[in-house]
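As provided, final.cif (mmCIF, N, CA and C atoms) reads as follows.
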```cif
data_my_file
loop_
_atom_site.label_atom_id
_atom_site.label_comp_id
_atom_site.auth_asym_id
_atom_site.auth_seq_id
_atom_site.Cartn_x
_atom_site.Cartn_y
_atom_site.Cartn_z
N MET A 1 0.84 -1.20 0.00
CA MET A 1 0.00 0.00 0.00
C MET A 1 0.88 1.25 0.00
N SER A 2 0.52 2.21 -0.76
CA SER A 2 1.27 3.45 -0.88
C SER A 2 1.13 4.28 0.40
N THR A 3 2.21 4.96 0.77
CA THR A 3 2.17 5.85 1.93
C THR A 3 2.06 7.31 1.50
N ALA A 4 1.71 7.53 0.25
CA ALA A 4 1.59 8.89 -0.28
C ALA A 4 0.51 9.66 0.48
N PHE A 5 0.71 10.94 0.61
CA PHE A 5 -0.24 11.82 1.28
C PHE A 5 -1.53 11.92 0.48
N ARG A 6 -2.66 11.72 1.15
CA ARG A 6 -3.96 11.89 0.49
C ARG A 6 -4.38 13.34 0.57
N THR A 7 -4.88 13.85 -0.52
CA THR A 7 -5.31 15.25 -0.53
C THR A 7 -6.71 15.43 0.03
N SER A 8 -7.46 14.34 0.12
CA SER A 8 -8.80 14.44 0.71
C SER A 8 -9.07 13.15 1.50
N PRO A 9 -9.82 13.28 2.58
CA PRO A 9 -10.12 12.10 3.38
C PRO A 9 -11.09 11.18 2.66
N PRO A 10 -11.13 9.91 3.07
CA PRO A 10 -12.14 9.03 2.47
C PRO A 10 -13.54 9.56 2.78
N THR A 11 -14.48 9.26 1.90
CA THR A 11 -15.84 9.77 2.09
C THR A 11 -16.54 9.10 3.27
N THR A 12 -16.18 7.87 3.57
CA THR A 12 -16.73 7.21 4.75
C THR A 12 -15.58 6.56 5.49
N ALA A 13 -15.59 6.72 6.79
CA ALA A 13 -14.55 6.11 7.62
C ALA A 13 -15.20 5.56 8.87
N VAL A 14 -14.87 4.36 9.21
CA VAL A 14 -15.35 3.76 10.44
C VAL A 14 -14.15 3.54 11.33
N THR A 15 -14.23 4.01 12.54
CA THR A 15 -13.13 3.83 13.47
C THR A 15 -13.68 3.54 14.85
N GLU A 16 -12.93 2.82 15.61
CA GLU A 16 -13.28 2.59 17.00
C GLU A 16 -12.10 3.04 17.84
N LEU A 17 -12.31 4.08 18.62
CA LEU A 17 -11.27 4.57 19.49
C LEU A 17 -11.29 3.77 20.78
N PRO A 18 -10.13 3.29 21.24
CA PRO A 18 -10.12 2.59 22.51
C PRO A 18 -10.26 3.60 23.66
N VAL A 19 -11.24 3.38 24.52
CA VAL A 19 -11.51 4.30 25.63
C VAL A 19 -11.73 3.52 26.92
N GLU A 20 -11.60 4.25 28.03
CA GLU A 20 -11.92 3.72 29.36
C GLU A 20 -12.88 4.71 30.00
N TYR A 21 -14.01 4.23 30.51
CA TYR A 21 -14.96 5.11 31.21
C TYR A 21 -14.30 5.62 32.49
N LEU A 22 -14.28 6.95 32.68
CA LEU A 22 -13.72 7.53 33.89
C LEU A 22 -14.79 7.87 34.91
N PHE A 23 -15.78 8.70 34.49
CA PHE A 23 -16.82 9.10 35.42
C PHE A 23 -17.94 9.84 34.69
N THR A 24 -19.02 10.05 35.41
CA THR A 24 -20.11 10.90 34.96
C THR A 24 -19.98 12.22 35.70
N LEU A 25 -19.97 13.31 34.97
CA LEU A 25 -19.83 14.65 35.53
C LEU A 25 -21.14 15.39 35.33
N HIS A 26 -21.73 15.84 36.43
CA HIS A 26 -22.98 16.60 36.38
C HIS A 26 -22.70 18.02 36.87
N LEU A 27 -23.05 19.02 36.05
CA LEU A 27 -22.83 20.42 36.40
C LEU A 27 -24.14 21.17 36.46
N GLU A 28 -24.31 21.95 37.53
CA GLU A 28 -25.46 22.85 37.65
C GLU A 28 -24.97 24.25 37.34
N LEU A 29 -25.68 24.94 36.43
CA LEU A 29 -25.21 26.20 35.87
C LEU A 29 -26.04 27.38 36.35
N THR A 30 -25.39 28.55 36.39
CA THR A 30 -26.08 29.79 36.74
C THR A 30 -26.82 30.35 35.54
N LYS A 31 -27.52 31.42 35.80
CA LYS A 31 -28.16 32.18 34.72
C LYS A 31 -27.07 32.70 33.78
N ARG A 32 -27.38 32.78 32.52
CA ARG A 32 -26.43 33.20 31.50
C ARG A 32 -26.31 34.72 31.43
N HIS A 33 -25.09 35.17 31.14
CA HIS A 33 -24.86 36.58 30.83
C HIS A 33 -24.36 36.63 29.39
N MET A 34 -25.04 37.39 28.55
CA MET A 34 -24.72 37.43 27.13
C MET A 34 -24.05 38.75 26.76
N SER A 35 -23.01 38.65 25.96
CA SER A 35 -22.33 39.80 25.39
C SER A 35 -22.49 39.71 23.87
N PRO A 36 -23.40 40.50 23.28
CA PRO A 36 -23.69 40.35 21.86
C PRO A 36 -22.54 40.83 20.98
N GLY A 37 -22.54 40.33 19.75
CA GLY A 37 -21.58 40.76 18.75
C GLY A 37 -20.22 40.11 18.92
N GLY A 38 -19.21 40.75 18.38
CA GLY A 38 -17.86 40.23 18.43
C GLY A 38 -17.49 39.56 17.12
N PRO A 39 -16.19 39.41 16.84
CA PRO A 39 -15.76 38.88 15.56
C PRO A 39 -16.16 37.42 15.33
N GLU A 40 -16.28 36.64 16.40
CA GLU A 40 -16.66 35.22 16.25
C GLU A 40 -18.14 34.99 16.50
N GLY A 41 -18.81 35.95 17.08
CA GLY A 41 -20.21 35.81 17.43
C GLY A 41 -20.44 36.28 18.86
N ALA A 42 -21.66 36.18 19.32
CA ALA A 42 -21.98 36.59 20.68
C ALA A 42 -21.32 35.66 21.69
N GLU A 43 -20.95 36.19 22.85
CA GLU A 43 -20.38 35.38 23.92
C GLU A 43 -21.43 35.19 25.01
N VAL A 44 -21.42 34.01 25.60
CA VAL A 44 -22.29 33.71 26.72
C VAL A 44 -21.42 33.22 27.86
N PHE A 45 -21.60 33.79 29.05
CA PHE A 45 -20.84 33.40 30.23
C PHE A 45 -21.77 32.74 31.24
N LEU A 46 -21.28 31.66 31.83
CA LEU A 46 -22.05 30.91 32.83
C LEU A 46 -21.16 30.61 34.02
N GLY A 47 -21.74 30.61 35.19
CA GLY A 47 -21.04 30.11 36.36
C GLY A 47 -21.47 28.68 36.62
N ILE A 48 -20.62 27.94 37.27
CA ILE A 48 -20.95 26.57 37.64
C ILE A 48 -21.18 26.59 39.14
N ILE A 49 -22.44 26.41 39.55
CA ILE A 49 -22.79 26.61 40.96
C ILE A 49 -22.67 25.35 41.80
N ASP A 50 -22.68 24.19 41.17
CA ASP A 50 -22.57 22.95 41.94
C ASP A 50 -22.42 21.80 40.98
N GLY A 51 -22.21 20.62 41.51
CA GLY A 51 -22.12 19.46 40.66
C GLY A 51 -21.46 18.28 41.37
N THR A 52 -21.47 17.16 40.70
CA THR A 52 -20.88 15.94 41.22
C THR A 52 -20.17 15.20 40.09
N PHE A 53 -19.31 14.28 40.47
CA PHE A 53 -18.71 13.35 39.52
C PHE A 53 -18.56 12.01 40.23
N GLU A 54 -18.77 10.93 39.46
CA GLU A 54 -18.68 9.60 40.05
C GLU A 54 -18.33 8.59 38.98
N GLY A 55 -17.34 7.76 39.31
CA GLY A 55 -16.91 6.70 38.43
C GLY A 55 -16.21 5.61 39.23
N PRO A 56 -15.69 4.59 38.56
CA PRO A 56 -15.08 3.46 39.25
C PRO A 56 -13.80 3.81 40.00
N ARG A 57 -13.05 4.84 39.55
CA ARG A 57 -11.76 5.15 40.18
C ARG A 57 -11.74 6.45 40.97
N LEU A 58 -12.77 7.28 40.83
CA LEU A 58 -12.82 8.52 41.58
C LEU A 58 -14.23 9.07 41.61
N ARG A 59 -14.51 9.81 42.67
CA ARG A 59 -15.83 10.44 42.82
C ARG A 59 -15.69 11.62 43.77
N GLY A 60 -16.64 12.54 43.69
CA GLY A 60 -16.61 13.70 44.57
C GLY A 60 -17.56 14.77 44.11
N ARG A 61 -17.20 16.03 44.44
CA ARG A 61 -18.06 17.17 44.16
C ARG A 61 -17.30 18.26 43.41
N VAL A 62 -18.06 19.05 42.69
CA VAL A 62 -17.54 20.26 42.06
C VAL A 62 -17.41 21.31 43.16
N VAL A 63 -16.34 22.11 43.11
CA VAL A 63 -16.21 23.22 44.05
C VAL A 63 -17.24 24.27 43.63
N PRO A 64 -18.25 24.55 44.47
CA PRO A 64 -19.34 25.46 44.06
C PRO A 64 -18.87 26.89 43.83
N LEU A 65 -19.45 27.51 42.83
CA LEU A 65 -19.27 28.92 42.49
C LEU A 65 -17.85 29.30 42.12
N VAL A 66 -17.03 28.34 41.71
CA VAL A 66 -15.66 28.64 41.31
C VAL A 66 -15.46 28.37 39.83
N GLY A 67 -16.07 27.33 39.29
CA GLY A 67 -15.90 26.98 37.88
C GLY A 67 -16.59 27.97 36.96
N THR A 68 -16.09 28.04 35.72
CA THR A 68 -16.67 28.95 34.74
C THR A 68 -16.84 28.25 33.40
N SER A 69 -17.72 28.80 32.60
CA SER A 69 -17.92 28.34 31.24
C SER A 69 -18.13 29.56 30.36
N ARG A 70 -17.52 29.53 29.18
CA ARG A 70 -17.68 30.60 28.21
C ARG A 70 -18.03 29.95 26.88
N ALA A 71 -19.04 30.46 26.23
CA ALA A 71 -19.44 29.94 24.92
C ALA A 71 -19.45 31.07 23.91
N VAL A 72 -19.06 30.75 22.69
CA VAL A 72 -19.18 31.69 21.57
C VAL A 72 -20.23 31.12 20.63
N LEU A 73 -21.30 31.88 20.42
CA LEU A 73 -22.40 31.42 19.60
C LEU A 73 -22.04 31.56 18.13
N ARG A 74 -22.03 30.45 17.45
CA ARG A 74 -21.74 30.43 16.02
C ARG A 74 -23.05 30.40 15.26
N GLY A 75 -22.97 30.52 13.96
CA GLY A 75 -24.18 30.45 13.15
C GLY A 75 -24.75 29.05 13.09
N GLN A 76 -25.92 28.92 12.56
CA GLN A 76 -26.61 27.66 12.34
C GLN A 76 -26.86 26.85 13.61
N GLY A 77 -26.99 27.53 14.76
CA GLY A 77 -27.39 26.85 15.99
C GLY A 77 -26.30 26.11 16.72
N TRP A 78 -25.03 26.49 16.56
CA TRP A 78 -23.92 25.83 17.23
C TRP A 78 -23.17 26.82 18.11
N ALA A 79 -22.51 26.29 19.14
CA ALA A 79 -21.66 27.12 20.01
C ALA A 79 -20.36 26.38 20.30
N ARG A 80 -19.27 27.13 20.37
CA ARG A 80 -17.99 26.61 20.83
C ARG A 80 -17.82 27.07 22.27
N PHE A 81 -17.37 26.20 23.17
CA PHE A 81 -17.30 26.58 24.57
C PHE A 81 -16.05 26.04 25.25
N ASP A 82 -15.75 26.65 26.41
CA ASP A 82 -14.61 26.27 27.23
C ASP A 82 -15.06 26.18 28.68
N TYR A 83 -14.52 25.19 29.40
CA TYR A 83 -14.80 25.00 30.82
C TYR A 83 -13.51 25.00 31.61
N THR A 84 -13.57 25.45 32.84
CA THR A 84 -12.55 25.19 33.85
C THR A 84 -13.32 24.93 35.14
N VAL A 85 -13.14 23.72 35.69
CA VAL A 85 -13.94 23.32 36.85
C VAL A 85 -13.04 22.63 37.88
N PRO A 86 -12.95 23.18 39.10
CA PRO A 86 -12.22 22.47 40.15
C PRO A 86 -13.11 21.39 40.79
N LEU A 87 -12.53 20.22 40.97
CA LEU A 87 -13.22 19.08 41.59
C LEU A 87 -12.51 18.72 42.89
N VAL A 88 -13.25 18.25 43.86
CA VAL A 88 -12.66 17.71 45.09
C VAL A 88 -13.18 16.29 45.25
N THR A 89 -12.24 15.34 45.33
CA THR A 89 -12.61 13.93 45.45
C THR A 89 -13.07 13.62 46.86
N ASP A 90 -13.71 12.46 47.02
CA ASP A 90 -14.15 12.03 48.35
C ASP A 90 -13.00 11.89 49.33
N ASP A 91 -11.78 11.67 48.82
CA ASP A 91 -10.61 11.59 49.71
C ASP A 91 -9.85 12.91 49.76
N HIS A 92 -10.51 14.02 49.41
CA HIS A 92 -10.05 15.41 49.60
C HIS A 92 -8.94 15.86 48.66
N ALA A 93 -8.73 15.21 47.54
CA ALA A 93 -7.78 15.68 46.54
C ALA A 93 -8.47 16.68 45.63
N THR A 94 -7.72 17.68 45.17
CA THR A 94 -8.24 18.66 44.23
C THR A 94 -7.73 18.33 42.84
N ILE A 95 -8.65 18.31 41.88
CA ILE A 95 -8.35 18.05 40.48
C ILE A 95 -9.05 19.13 39.67
N THR A 96 -8.32 19.80 38.79
CA THR A 96 -8.95 20.76 37.89
C THR A 96 -9.17 20.09 36.55
N ILE A 97 -10.39 20.17 36.07
CA ILE A 97 -10.73 19.64 34.75
C ILE A 97 -10.98 20.83 33.83
N SER A 98 -10.33 20.82 32.68
CA SER A 98 -10.50 21.88 31.68
C SER A 98 -10.98 21.24 30.40
N GLY A 99 -11.88 21.90 29.73
CA GLY A 99 -12.41 21.33 28.50
C GLY A 99 -12.76 22.37 27.48
N SER A 100 -12.76 21.93 26.24
CA SER A 100 -13.15 22.74 25.10
C SER A 100 -14.01 21.89 24.21
N GLY A 101 -15.05 22.46 23.65
CA GLY A 101 -15.90 21.63 22.81
C GLY A 101 -16.86 22.42 21.97
N ILE A 102 -17.85 21.68 21.47
CA ILE A 102 -18.86 22.27 20.60
C ILE A 102 -20.22 21.69 20.98
N SER A 103 -21.25 22.49 20.85
CA SER A 103 -22.58 22.06 21.25
C SER A 103 -23.62 22.58 20.29
N ARG A 104 -24.61 21.77 20.02
CA ARG A 104 -25.76 22.18 19.22
C ARG A 104 -26.74 22.88 20.15
N LEU A 105 -27.25 24.02 19.74
CA LEU A 105 -28.12 24.81 20.59
C LEU A 105 -29.60 24.63 20.29
N VAL A 106 -29.92 24.04 19.16
CA VAL A 106 -31.32 23.80 18.81
C VAL A 106 -31.58 22.31 18.86
N ASP A 107 -32.83 21.93 19.02
CA ASP A 107 -33.23 20.51 19.08
C ASP A 107 -32.49 19.76 20.19
N GLY A 108 -32.31 20.41 21.33
CA GLY A 108 -31.60 19.77 22.43
C GLY A 108 -30.11 19.99 22.30
N ARG A 109 -29.46 20.06 23.43
CA ARG A 109 -28.02 20.29 23.40
C ARG A 109 -27.29 18.96 23.32
N GLU A 110 -26.25 18.92 22.53
CA GLU A 110 -25.45 17.71 22.32
C GLU A 110 -23.98 18.05 22.49
N PRO A 111 -23.53 18.48 23.67
CA PRO A 111 -22.15 18.93 23.80
C PRO A 111 -21.14 17.78 23.69
N ARG A 112 -20.05 18.08 23.00
CA ARG A 112 -18.91 17.17 22.87
C ARG A 112 -17.69 17.95 23.33
N VAL A 113 -16.90 17.37 24.24
CA VAL A 113 -15.81 18.10 24.88
C VAL A 113 -14.53 17.28 24.88
N ALA A 114 -13.40 17.97 24.70
CA ALA A 114 -12.08 17.38 24.93
C ALA A 114 -11.61 17.88 26.29
N PHE A 115 -11.36 16.96 27.23
CA PHE A 115 -10.98 17.32 28.59
C PHE A 115 -9.52 16.97 28.89
N THR A 116 -8.87 17.81 29.70
CA THR A 116 -7.58 17.51 30.31
C THR A 116 -7.68 17.79 31.81
N PHE A 117 -6.71 17.29 32.57
CA PHE A 117 -6.75 17.38 34.03
C PHE A 117 -5.45 17.94 34.57
N HIS A 118 -5.54 18.52 35.76
CA HIS A 118 -4.36 19.00 36.48
C HIS A 118 -4.56 18.70 37.96
N THR A 119 -3.58 18.00 38.55
CA THR A 119 -3.65 17.73 39.98
C THR A 119 -2.25 17.55 40.55
N GLY A 120 -2.08 17.90 41.81
CA GLY A 120 -0.83 17.64 42.53
C GLY A 120 -0.95 16.44 43.45
N ALA A 121 -2.12 15.82 43.51
CA ALA A 121 -2.35 14.65 44.37
C ALA A 121 -1.64 13.44 43.76
N THR A 122 -0.70 12.86 44.48
CA THR A 122 0.12 11.79 43.91
C THR A 122 -0.70 10.58 43.49
N HIS A 123 -1.76 10.24 44.21
CA HIS A 123 -2.55 9.07 43.84
C HIS A 123 -3.48 9.32 42.64
N TYR A 124 -3.57 10.56 42.18
CA TYR A 124 -4.33 10.87 40.97
C TYR A 124 -3.46 11.46 39.88
N GLU A 125 -2.13 11.44 40.05
CA GLU A 125 -1.26 12.07 39.06
C GLU A 125 -1.36 11.42 37.69
N TRP A 126 -1.87 10.21 37.61
CA TRP A 126 -2.08 9.56 36.31
C TRP A 126 -3.02 10.39 35.43
N LEU A 127 -3.90 11.20 36.05
CA LEU A 127 -4.81 12.05 35.29
C LEU A 127 -4.09 13.16 34.53
N ASN A 128 -2.91 13.56 35.01
CA ASN A 128 -2.18 14.67 34.38
C ASN A 128 -1.75 14.36 32.95
N ILE A 129 -1.73 13.10 32.55
CA ILE A 129 -1.34 12.75 31.18
C ILE A 129 -2.51 12.12 30.41
N VAL A 130 -3.71 12.33 30.90
CA VAL A 130 -4.91 11.79 30.25
C VAL A 130 -5.50 12.81 29.29
N GLN A 131 -5.84 12.34 28.09
CA GLN A 131 -6.70 13.10 27.18
C GLN A 131 -8.05 12.41 27.24
N ALA A 132 -9.07 13.14 27.62
CA ALA A 132 -10.40 12.56 27.78
C ALA A 132 -11.39 13.24 26.84
N VAL A 133 -12.48 12.56 26.60
CA VAL A 133 -13.58 13.13 25.83
C VAL A 133 -14.86 13.00 26.64
N GLY A 134 -15.72 13.97 26.50
CA GLY A 134 -17.00 13.94 27.18
C GLY A 134 -18.13 14.03 26.19
N ILE A 135 -19.13 13.21 26.40
CA ILE A 135 -20.33 13.22 25.57
C ILE A 135 -21.46 13.64 26.49
N GLY A 136 -22.10 14.75 26.18
CA GLY A 136 -23.03 15.34 27.11
C GLY A 136 -24.48 15.36 26.67
N VAL A 137 -25.30 15.61 27.67
CA VAL A 137 -26.72 15.87 27.50
C VAL A 137 -27.00 17.09 28.36
N GLY A 138 -27.58 18.12 27.76
CA GLY A 138 -27.77 19.36 28.49
C GLY A 138 -29.19 19.82 28.56
N GLY A 139 -29.44 20.63 29.56
CA GLY A 139 -30.71 21.30 29.72
C GLY A 139 -30.44 22.78 29.88
N GLN A 140 -31.43 23.54 30.26
CA GLN A 140 -31.28 24.98 30.41
C GLN A 140 -30.30 25.34 31.52
N ASP A 141 -30.36 24.62 32.66
CA ASP A 141 -29.56 24.99 33.82
C ASP A 141 -28.61 23.88 34.27
N GLU A 142 -28.37 22.88 33.42
CA GLU A 142 -27.51 21.78 33.81
C GLU A 142 -26.98 21.06 32.58
N VAL A 143 -25.89 20.33 32.79
CA VAL A 143 -25.34 19.49 31.75
C VAL A 143 -24.68 18.28 32.43
N THR A 144 -24.80 17.12 31.80
CA THR A 144 -24.20 15.89 32.31
C THR A 144 -23.35 15.26 31.22
N TYR A 145 -22.11 14.92 31.56
CA TYR A 145 -21.18 14.31 30.63
C TYR A 145 -20.81 12.90 31.07
N GLN A 146 -20.72 12.00 30.12
CA GLN A 146 -20.05 10.73 30.32
C GLN A 146 -18.61 11.00 29.86
N VAL A 147 -17.65 10.82 30.75
CA VAL A 147 -16.26 11.18 30.46
C VAL A 147 -15.45 9.90 30.27
N TYR A 148 -14.72 9.84 29.14
CA TYR A 148 -13.92 8.68 28.76
C TYR A 148 -12.48 9.06 28.51
N ARG A 149 -11.57 8.27 29.01
CA ARG A 149 -10.14 8.42 28.75
C ARG A 149 -9.81 7.77 27.41
N LEU A 150 -9.09 8.49 26.55
CA LEU A 150 -8.60 7.88 25.31
C LEU A 150 -7.38 7.05 25.65
N LEU A 151 -7.35 5.81 25.21
CA LEU A 151 -6.23 4.92 25.50
C LEU A 151 -5.20 4.96 24.39
#
```
This structure in structure tokens:
Amino acid sequence: MSTAFRTSPPTTAVTELPVEYLFTLHLELTKRHMSPGGPEGAEVFLGIIDGTFEGPRLRGRVVPLVGTSRAVLRGQGWARFDYTVPLVTDDHATITISGSGISRLVDGREPRVAFTFHTGATHYEWLNIVQAVGIGVGGQDEVTYQVYRLL
């Protein structure tokens, strides 16, 4: 098979990414503040007022009123967004989860996020080199993600 560079991707591709389920992350959101206009579109700011996370290897709570979310509203009912959320595990370790993604704003929200982690807790330091993905279901004042580690 040739290793030549393809100028266009195949029209159909099936792939299975190896993943490990990490946890379910539930976020409760504040009322939105909108800043209209801008070169990319209107911005929407949200606070994260509470939440939980639970999985086979870690569980705990979101640090209330500290996390933030910013979304840029794009055309055709889509938004690009960023999260930074501090988590505290049941054994009192602090882990910061940061994410960037895209969400459909009409016909229900379908957020997809790429997550990374930061922690100084030695028993969770394995998270510092994890690239994770989140598949979400959202409502007006909340969003829940199934978070998976890419292997």
**Request:** Give me the residues within 8 Å of Gly51 of chain A as a list in words, counting only N, CA and C atoms and dropping any in the same chain fewer than 3 places off.
**Result:**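 Close residues of Gly51 of chain A: Leu25, His26, Leu27, Glu28, Leu29, Ile48, Gly60, Arg61, Val62, Val63, Pro64 and Leu65 of chain A.
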**Message:** Assuming the chain letters and numbering stay as they are in my file, what does the PyMOL selection byres ((chain A and resi 115) around 8) actually select? List them as a ChimeraX atom specification.
**Reply:** /A:97-101,112-114,116-117,130-134
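Candidate residues A:Arg104, A:His33, A:Arg149, A:Arg70 were compared for distance to Val19 of chain A, and the nearest is A:Arg149, using only C-alpha atoms.
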**Item:** Distance query 8 Å from (-6.8, 3.7, 30.6) using only N, CA and C atoms, result as a PyMOL selection string
**Value:** chain A and resi 18-21+149-151
**Prompt:** Any idea what's packed within 8 Å of segment 35-44 of chain A, counting only N, CA and C atoms, ignoring anything in its chain fewer than 4 positions away? Could you give it as a ChimeraX atom specification?
**Reply:** /A:69-75
**Request:** Name the residues captured by the PyMOL selection byres ((chain A and resi 32) around 6) when it is applied to the shown file; answer as a VMD selection string.
**Result:** chain A and resid 30 to 31 33 to 34 45 to 46
**Request:** Can you work out the spacing between atom N of Pro111 of chain A and atom N of Ile95 of chain A in Å, to one decimal?
**Result:**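 Result for atom N of Pro111 of chain A versus atom N of Ile95 of chain A: 23.5 Å, one decimal.
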**Request:** Provide the atom CA of Phe53 of chain A to atom N of Thr144 of chain A distance in Å, to one decimal place.
**Result:** 10.5 Å
**Request:** Tell me which protein, DNA and RNA residues are within 8 Å of Gly120 of chain A, counting all atoms listed in the file, leaving out same-chain ones fewer than 5 positions away, and put them as a list in words.
**Result:** Ala93, Thr94, Ile95, Thr96 and Glu125 of chain A
